[in-house]
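Text of entry.cif (mmCIF, C-alpha atoms) as supplied:
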data_input
loop_
_atom_site.label_atom_id
_atom_site.label_comp_id
_atom_site.auth_asym_id
_atom_site.auth_seq_id
_atom_site.Cartn_x
_atom_site.Cartn_y
_atom_site.Cartn_z
CA MET B 911 4.94 29.24 49.76
CA PRO B 912 1.40 28.09 50.61
CA GLU B 913 0.68 26.56 54.00
CA LYS B 914 0.53 22.77 54.28
CA VAL B 915 -2.96 21.37 53.74
CA VAL B 916 -4.40 19.35 56.62
CA PRO B 917 -7.57 17.24 56.76
CA GLY B 918 -10.69 19.31 57.20
CA PRO B 919 -12.74 21.99 55.46
CA VAL B 920 -10.95 23.98 52.78
CA GLN B 921 -11.34 27.69 52.19
CA ASP B 922 -12.89 28.85 48.95
CA THR B 923 -10.56 27.20 46.42
CA GLY B 924 -12.63 26.61 43.32
CA ARG B 925 -15.32 24.10 44.24
CA ILE B 926 -13.23 22.08 46.70
CA ARG B 927 -15.17 21.58 49.94
CA GLU B 928 -12.60 19.83 52.15
CA ALA B 929 -9.44 17.73 52.22
CA VAL B 930 -9.80 14.12 53.37
CA CYS B 931 -7.31 11.39 54.18
CA ILE B 932 -7.93 8.10 52.34
CA HIS B 933 -6.21 4.71 52.35
CA THR B 934 -5.41 3.48 48.87
CA ARG B 935 -2.65 2.09 46.69
CA LYS B 936 -0.15 4.56 45.32
CA ILE B 937 1.58 3.75 42.02
CA PHE B 938 5.32 4.19 42.50
CA ASP B 939 6.46 3.08 39.06
CA SER B 940 4.95 1.66 35.88
CA CYS B 941 5.87 0.81 32.32
CA LYS B 942 4.11 -0.18 29.13
CA ASP B 943 5.42 -2.67 26.62
CA LYS B 944 4.72 -4.03 23.17
CA ASP B 945 6.25 -7.51 22.96
CA CYS B 946 6.75 -9.41 19.73
CA ILE B 947 7.07 -12.98 21.01
CA GLU B 948 8.60 -15.09 18.27
CA ASP B 949 8.29 -18.86 17.81
CA LEU B 950 6.49 -19.82 21.00
CA ARG B 951 6.18 -23.59 21.40
CA PHE B 952 2.57 -24.67 20.88
CA PHE B 953 1.47 -27.48 23.22
CA PRO B 954 -1.66 -28.96 21.62
CA THR B 955 -4.17 -31.31 23.13
CA CYS B 956 -3.51 -34.97 22.38
CA ALA B 957 -6.34 -35.03 19.83
CA SER B 958 -4.95 -31.91 18.15
CA GLN B 959 -1.44 -33.42 18.03
CA GLU B 960 -2.79 -36.35 16.00
CA VAL B 961 -4.20 -33.84 13.52
CA ILE B 962 -0.93 -31.87 13.41
CA ASN B 963 1.08 -34.99 12.60
CA ARG B 964 -1.00 -35.45 9.43
CA ALA B 965 -1.39 -31.77 8.51
CA MET B 966 -0.03 -30.31 5.27
CA SER B 967 -0.39 -26.66 6.30
CA ILE B 968 -1.81 -24.56 9.08
CA LYS B 969 -3.68 -21.26 9.35
CA ALA B 970 -3.80 -18.95 12.38
CA GLY B 971 -7.00 -18.66 14.36
CA SER B 972 -7.19 -16.71 17.61
CA ALA B 973 -5.27 -16.33 20.87
CA GLU B 974 -6.74 -15.78 24.33
CA LEU B 975 -4.85 -14.75 27.46
CA LEU B 976 -5.96 -17.20 30.14
CA HIS B 977 -3.96 -15.95 33.08
CA ALA B 978 -0.79 -14.17 34.13
CA PHE B 979 1.12 -15.31 37.23
CA VAL B 980 3.10 -12.46 38.81
CA ASP B 981 6.04 -12.64 41.23
CA VAL B 982 7.95 -9.76 42.88
CA GLN B 983 11.49 -9.98 44.29
CA SER B 984 13.74 -7.25 45.66
CA ILE B 985 17.08 -6.41 44.03
CA GLY B 986 19.88 -6.62 46.56
CA PHE B 987 22.30 -4.28 44.80
CA ASN B 988 19.74 -1.54 44.08
CA ARG B 989 17.58 -0.58 47.05
CA GLY B 990 14.01 0.29 46.30
CA PHE B 991 13.96 -1.56 42.98
CA TYR B 992 12.26 -4.89 42.30
CA THR B 993 12.04 -7.48 39.57
CA VAL B 994 8.57 -8.35 38.35
CA ASP B 995 8.39 -11.77 36.70
CA VAL B 996 5.26 -12.47 34.69
CA ARG B 997 4.32 -15.80 33.13
CA TYR B 998 1.55 -15.53 30.53
CA PHE B 999 -0.58 -18.54 29.60
CA TYR B 1000 -2.37 -18.42 26.24
CA ARG B 1001 -5.01 -20.61 24.63
CA VAL B 1002 -4.37 -20.61 20.88
CA THR B 1003 -6.59 -22.05 18.15
CA ALA B 1004 -5.73 -22.67 14.51
CA ASP B 1005 -6.99 -24.51 11.42
CA ALA B 1006 -5.00 -27.49 10.21
CA PHE B 1007 -5.38 -28.61 6.58
CA ILE B 1008 -5.15 -32.31 5.78
CA GLY B 1009 -5.14 -32.90 2.03
CA ALA B 1010 -8.15 -31.47 0.21
CA THR B 1011 -10.59 -31.92 3.09
CA ARG B 1012 -12.04 -29.12 5.17
CA PRO B 1013 -9.70 -27.70 7.84
CA VAL B 1014 -9.76 -29.16 11.33
CA GLN B 1015 -9.59 -26.81 14.29
CA ILE B 1016 -6.78 -27.49 16.73
CA CYS B 1017 -6.28 -26.00 20.18
CA GLY B 1018 -3.32 -25.76 22.49
CA LEU B 1019 -1.30 -23.82 25.03
CA CYS B 1020 1.52 -21.27 24.66
CA VAL B 1021 3.59 -19.89 27.55
CA PHE B 1022 5.59 -16.66 27.66
CA ASP B 1023 7.90 -15.42 30.46
CA LYS B 1024 8.62 -11.72 30.91
CA ARG B 1025 10.74 -9.77 33.42
CA VAL B 1026 10.80 -6.02 34.14
CA ILE B 1027 12.57 -3.92 36.79
CA LEU B 1028 10.61 -1.13 38.48
CA PHE B 1029 10.99 1.18 41.45
CA GLY B 1030 8.73 0.21 44.35
CA SER B 1031 10.20 2.23 47.23
CA GLU B 1032 10.87 0.67 50.64
CA GLY B 1033 8.74 -0.16 53.61
CA SER B 1034 9.09 -2.24 56.76
CA ALA B 1035 5.72 -1.73 58.44
CA LYS B 1036 3.72 -4.88 59.14
CA THR B 1037 0.06 -4.40 58.27
CA PHE B 1038 -2.73 -6.43 59.88
CA SER B 1039 -6.49 -6.10 59.59
CA SER B 1040 -9.66 -7.82 60.74
CA GLU B 1041 -9.93 -9.35 57.27
CA ASP B 1042 -6.88 -11.56 57.89
CA VAL B 1043 -7.71 -15.26 58.33
CA MET B 1044 -5.61 -16.90 61.06
CA MET B 1045 -6.70 -20.39 59.97
CA ASP B 1046 -4.53 -20.19 56.87
CA LEU B 1047 -1.43 -21.64 58.52
CA GLU B 1048 0.19 -22.93 55.33
CA ARG B 1049 1.74 -19.53 54.67
CA PRO B 1050 3.82 -17.39 57.06
CA LEU B 1051 2.04 -14.73 59.07
CA PHE B 1052 4.29 -12.05 57.61
CA GLU B 1053 5.88 -12.37 54.20
CA GLY B 1054 7.83 -9.11 54.07
CA SER B 1055 6.98 -5.62 52.91
CA LEU B 1056 7.04 -6.10 49.16
CA PRO B 1057 5.14 -3.81 46.80
CA ILE B 1058 2.17 -5.17 44.91
CA ALA B 1059 2.69 -5.83 41.21
CA VAL B 1060 -0.25 -5.32 38.87
CA VAL B 1061 -0.22 -6.48 35.25
CA GLU B 1062 -2.79 -5.30 32.73
CA ALA B 1063 -2.83 -7.05 29.37
CA VAL B 1064 -5.16 -7.65 26.44
CA ASP B 1065 -5.57 -10.76 24.33
CA PRO B 1066 -2.57 -11.03 22.01
CA ILE B 1067 -2.51 -10.84 18.22
CA ILE B 1068 -1.27 -13.84 16.25
CA LEU B 1069 1.45 -12.44 13.99
CA ASN B 1070 2.64 -15.72 12.50
CA ILE B 1071 2.17 -19.46 12.83
CA LYS B 1072 4.23 -22.21 11.24
CA LEU B 1073 4.24 -25.98 10.96
CA VAL B 1074 7.64 -27.69 11.16
CA ASP B 1075 8.85 -31.27 10.92
CA VAL B 1076 10.56 -32.69 13.99
CA CYS B 1077 13.84 -34.37 13.07
CA ASN B 1078 15.47 -36.98 15.27
CA CYS B 1079 18.03 -34.44 16.49
CA CYS B 1080 15.34 -32.03 17.71
CA GLN B 1081 13.40 -34.27 20.10
CA CYS B 1082 14.52 -32.30 23.15
CA ASP B 1083 11.80 -30.91 25.40
CA ASN B 1084 13.84 -28.31 27.26
CA ASP B 1085 11.17 -25.64 26.71
CA ILE B 1086 8.48 -27.51 28.66
CA VAL B 1087 7.35 -25.69 31.80
CA GLU B 1088 5.21 -26.75 34.72
CA ILE B 1089 1.56 -26.09 33.93
CA PRO B 1090 -0.80 -25.39 36.87
CA PRO B 1091 -3.89 -27.64 37.06
CA ASN B 1092 -6.31 -24.72 36.66
CA ILE B 1093 -4.69 -23.84 33.33
CA CYS B 1094 -4.87 -27.45 32.10
CA ALA B 1095 -8.57 -27.46 33.02
CA CYS B 1096 -9.18 -24.76 30.38
CA PHE B 1097 -8.69 -27.31 27.58
CA ASN B 1098 -10.94 -30.10 26.38
CA GLY B 1099 -8.51 -32.92 26.77
CA GLU B 1100 -5.02 -33.64 28.04
CA LEU B 1101 -2.19 -31.52 26.68
CA SER B 1102 0.61 -33.15 24.69
CA PHE B 1103 4.17 -32.18 25.61
CA GLY B 1104 6.03 -34.14 22.94
CA GLY B 1105 7.57 -37.57 22.78
CA ASN B 1106 5.81 -38.89 19.69
CA ASP B 1107 5.68 -35.65 17.72
CA ILE B 1108 6.14 -35.88 13.97
CA LYS B 1109 5.33 -32.20 13.47
CA ARG B 1110 5.17 -29.21 15.75
CA VAL B 1111 3.59 -25.76 15.64
CA TYR B 1112 5.30 -22.51 16.60
CA VAL B 1113 3.40 -19.27 17.12
CA THR B 1114 4.49 -15.61 17.06
CA LEU B 1115 2.33 -13.33 19.21
CA GLY B 1116 2.04 -9.57 19.68
CA GLN B 1117 1.32 -8.66 23.31
CA PHE B 1118 0.43 -5.23 24.75
CA SER B 1119 0.83 -4.87 28.52
CA ILE B 1120 1.19 -2.40 31.39
CA VAL B 1121 3.09 -3.35 34.56
CA ARG B 1122 3.10 -1.27 37.72
CA LEU B 1123 4.22 -1.45 41.37
CA GLU B 1124 1.89 -0.22 44.09
CA ARG B 1125 1.97 0.16 47.86
CA ASP B 1126 -0.75 0.78 50.42
CA THR B 1127 -0.51 4.35 51.62
CA GLN B 1128 -2.53 7.22 53.04
CA LEU B 1129 -3.12 10.18 50.77
CA LEU B 1130 -4.63 13.59 51.34
CA ILE B 1131 -6.99 14.45 48.51
CA PRO B 1132 -9.43 17.28 47.77
CA VAL B 1133 -13.15 16.57 47.93
CA TYR B 1134 -15.59 18.44 45.69
CA ASP B 1135 -18.82 16.82 46.83
CA TYR B 1136 -20.47 13.49 47.52
CA CYS B 1137 -20.80 11.29 44.47
CA MET B 1138 -24.59 11.16 44.20
CA PRO B 1139 -25.99 9.01 41.36
CA LYS B 1140 -28.05 10.98 38.87
CA LYS B 1141 -29.87 8.02 37.31
CA GLU B 1142 -32.86 6.40 38.97
CA CYS B 1143 -32.88 2.64 39.43
CA ILE B 1144 -35.27 0.72 37.18
CA GLY B 1145 -36.72 -2.39 38.75
CA GLU B 1146 -36.92 -5.67 36.90
CA CYS B 1147 -40.65 -5.83 37.40
CA THR B 1148 -42.69 -2.92 36.12
CA GLU B 1149 -46.38 -2.35 35.52
CA GLU B 1150 -45.70 -0.14 32.52
CA ASP B 1151 -47.44 -1.19 29.34
CA PRO B 1152 -44.93 -3.19 27.24
CA CYS B 1153 -46.34 -1.66 24.06
CA GLU B 1154 -45.75 1.80 25.50
CA VAL B 1155 -42.16 0.82 26.30
CA PHE B 1156 -41.72 -0.43 22.74
CA ARG B 1157 -43.01 2.86 21.33
CA LYS B 1158 -40.16 4.67 23.09
CA VAL B 1159 -37.53 2.57 21.32
CA SER B 1160 -35.98 4.33 18.33
CA PHE B 1161 -36.45 2.71 14.95
CA PRO B 1162 -33.21 0.90 13.94
CA VAL B 1163 -32.78 2.67 10.60
CA ASN B 1164 -29.19 1.54 10.11
CA GLU B 1165 -30.22 -2.11 10.37
CA PHE B 1166 -32.43 -1.70 7.28
CA PHE B 1167 -30.36 0.82 5.33
CA PRO B 1168 -26.61 0.11 5.66
CA PRO B 1169 -24.46 3.22 5.12
CA SER B 1170 -23.04 3.58 1.63
CA GLN B 1171 -19.73 4.81 3.04
CA LEU B 1172 -18.08 3.97 6.35
CA GLY B 1173 -17.89 7.01 8.60
CA SER B 1174 -19.90 9.22 6.23
CA GLY B 1175 -21.90 12.01 7.85
CA GLU B 1176 -24.88 14.06 6.79
CA GLY B 1177 -24.69 15.27 3.25
CA ALA B 1178 -22.09 12.64 2.32
CA GLU B 1179 -21.93 11.69 -1.29
CA GLY B 1180 -24.26 8.83 -2.06
CA GLY B 1181 -26.42 9.41 1.03
CA GLY B 1182 -30.16 9.49 0.68
CA GLY B 1183 -33.15 10.48 2.78
CA PHE B 1184 -35.34 8.13 4.76
CA CYS B 1185 -39.09 8.17 4.79
CA SER B 1186 -41.05 8.00 8.01
CA CYS B 1187 -44.27 6.02 8.00
CA ASN B 1188 -47.06 7.16 10.28
#

Whole structure given in C-alpha cells:
Amino acid sequence: MPEKVVPGPVQDTGRIREAVCIHTRKIFDSCKDKDCIEDLRFFPTCASQEVINRAMSIKAGSAELLHAFVDVQSIGFNRGFYTVDVRYFYRVTADAFIGATRPVQICGLCVFDKRVILFGSEGSAKTFSSEDVMMDLERPLFEGSLPIAVVEAVDPIILNIKLVDVCNCCQCDNDIVEIPPNICACFNGELSFGGNDIKRVYVTLGQFSIVRLERDTQLLIPVYDYCMPKKECIGECTEEDPCEVFRKVSFPVNEFFPPSQLGSGEGAEGGGGFCSCN
C-alpha cells in the first residue's frame, strides 16, 4: 500500500511537481433531472389579461428562467441527508389571436416548485472570516452548519400551451404564490392574479436541471505547474494600420456561398470550387 501523500514536493510521478492543500467546495451528492411540468398557471400582466379574455386561440412563444430560489433543510430521521427545495420563476411569452387580426404578444409569469433529497454529510464547525460583515444584524451570527445547495438550469422548452374558459365554479386562486418584488420588476406592468378572468392560459414546460450539495473543505491535490497564460494581451488602443489588420481577416466565403448541404465536407455532392481574386 503506498504511503500517505502529504503537502510538499512529490517524487517523480509523471509530471506532478508537488501536492498542495487548497480550500474549496467538495460535492457530496448531486442529481440531474428532466422535468415535464404540466399545466402551469400563467399569470399575465394586466394588459395581457385583457387580450386573453378576448382571444380565440393562442400560440406558444418562448420561456425564460428568471431566477431559482433555493432552500436547504436537514432531515431529522435520516442523518446526513437534506431536502433541497427549489422554486423556479419563468417569464413566458405567447401570441394571442383575436379574430382575423394579427396576433398580439402577451407576457406573464409561471412558477414551479421542486424538491429533491441529497446526501450532504454532517458538520458542526463554525466558520468565520475577515469577509464577514458584523453590521448585518438582521440575521443570526451563526445559522447552523448546512451544506450549500447549487442549482444549474437552462431556459425551459415550451411543450404545450392552452387557452381555457373560466367557469363560475373554477374561480379559486389556490395556486397563487407570493411573488418577490424583484421578480415582479421583470415585467412591464402589474401582474394579474385572477378575479376578473374570463379565460386563462396554462403552460407545459420541459426543464433540464442539475442539483448538488457542497461543503467547504480542504483537499490535497497534485500540482503539475503554474497556470501561465499563453496568449498575449491585446490593448484597446493600437498604432497598427487598420488596413493591415483588415488584410489579416479571412474572407467570409460562407456568407456569400451558402453550403448546398448541411454538414457536407470536402468533395460532397453538389459542392463546387471557389475562385480567389487577386

Which residue is closest to B:Thr1037? Choose from B:Cys1153, B:Leu1056, B:Val980, B:Leu975 and count all atoms listed in the file. B:Leu1056

Of B:Lys1036, B:Lys1141, B:Arg1122, B:Arg1001, the one sitting nearest B:Thr955 when using all atoms listed in the file is B:Arg1001

Explicit residue set for the PyMOL selection byres ((chain B and resi 936) around 6), as an mmCIF file with C-alpha atoms, in the coordinates of the input:
data_model
loop_
_atom_site.group_PDB
_atom_site.id
_atom_site.type_symbol
_atom_site.label_atom_id
_atom_site.label_comp_id
_atom_site.auth_asym_id
_atom_site.auth_seq_id
_atom_site.Cartn_x
_atom_site.Cartn_y
_atom_site.Cartn_z
ATOM 1 C CA ARG B 935 -2.650 2.090 46.690
ATOM 2 C CA ILE B 937 1.580 3.750 42.020
ATOM 3 C CA GLU B 1124 1.890 -0.220 44.090
ATOM 4 C CA ARG B 1125 1.970 0.160 47.860
#

Residue neighbourhood B:Asn1098, 10 Å, all atoms listed in the file, exclusion window fewer than 6 positions, as a ChimeraX atom specification: /B:955-957,1017-1018

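Using only C-alpha atoms, the nearest neighbour of B:Val1087 within the list B:Gln959, B:Phe1103, B:Ser1160, B:Thr993 is B:Phe1103.
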
When you draw a straight line from atom CA of B:Lys1024 to atom CA of B:Ala1063, how long is it in Å?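 We find that atom CA of B:Lys1024 and atom CA of B:Ala1063 lie 12.5 Å from each other.
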
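By chain and then residue number, the residues within 8 Å of B:Cys931 are Pro917, Gln1128, Leu1129, Leu1130 and Ile1131 of chain B, counting only C-alpha atoms and disregarding those fewer than 4 positions away in sequence.
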
Deliver the residues from the most recent selection as a file, using C-alpha atoms, as a compact mmCIF listing (two decimals), keeping the file's coordinate frame.
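So selection33.txt came out as:
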# COMPACT_ATOMS: atom_id res chain seq x y z
CA PRO B 917 -7.57 17.24 56.76
CA GLN B 1128 -2.53 7.22 53.04
CA LEU B 1129 -3.12 10.18 50.77
CA LEU B 1130 -4.63 13.59 51.34
CA ILE B 1131 -6.99 14.45 48.51

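Atom CA of B:Ile1089 lies 22.7 Å from atom CA of B:Ile1108.
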
List as an NGL selection string the protein and nucleic acid residues near B:Ser940, meaning an atom at most 8 Å away when only C-alpha atoms are counted, but skip any in the same chain fewer than 5 places from it. :B and (1028 or 1120-1123)

Counting all atoms listed in the file, closest pick from B:Val996, B:Asp945, B:Asn1106, B:Glu928 relative to B:Ile962 is B:Asn1106

Excluding B:Phe991 and residues on its chain fewer than 4 positions from it, collect all residues at most 6 Å away from it, counting all atoms listed in the file, and give them as a list in words.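 Contacts, with the query itself left out: Ile985, Leu1028, Phe1029 and Gly1030 of chain B.
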
Run the PyMOL selection byres ((chain B and resi 1065) around 10) mentally over the shown coordinates, then write out the matched residues as a VMD selection string, using the chain letters and numbers from the document. chain B and resid 972 to 976 1000 to 1001 1063 to 1064 1066 to 1068 1115 to 1119

In Å, how far is it from atom CA of B:Lys1072 to atom CA of B:Val1113? 6.6 Å

List the residues matched by the PyMOL selection byres ((chain B and resi 1033) around 8) in the displayed structure as a list in words, ordered by chain and then by residue number. Ser1031, Glu1032, Ser1034, Ala1035, Ser1055 and Leu1056 of chain B

Please list as a CSV table (one decimal) with C-alpha atoms, keeping the file's coordinate frame every residue within 12 Å of B:Ala1010, counting all atoms listed in the file and excluding residues in the same chain fewer than 6 positions away.
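Output saved as selection_30.csv:
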chain,number,residue,atom,x,y,z
B,965,ALA,CA,-1.4,-31.8,8.5
B,966,MET,CA,0.0,-30.3,5.3
B,967,SER,CA,-0.4,-26.7,6.3

Given all atoms listed in the file as the counted atoms, nearest of B:Ile1016, B:Cys1096, B:Pro1169, B:Val1133 to B:Phe952: B:Ile1016
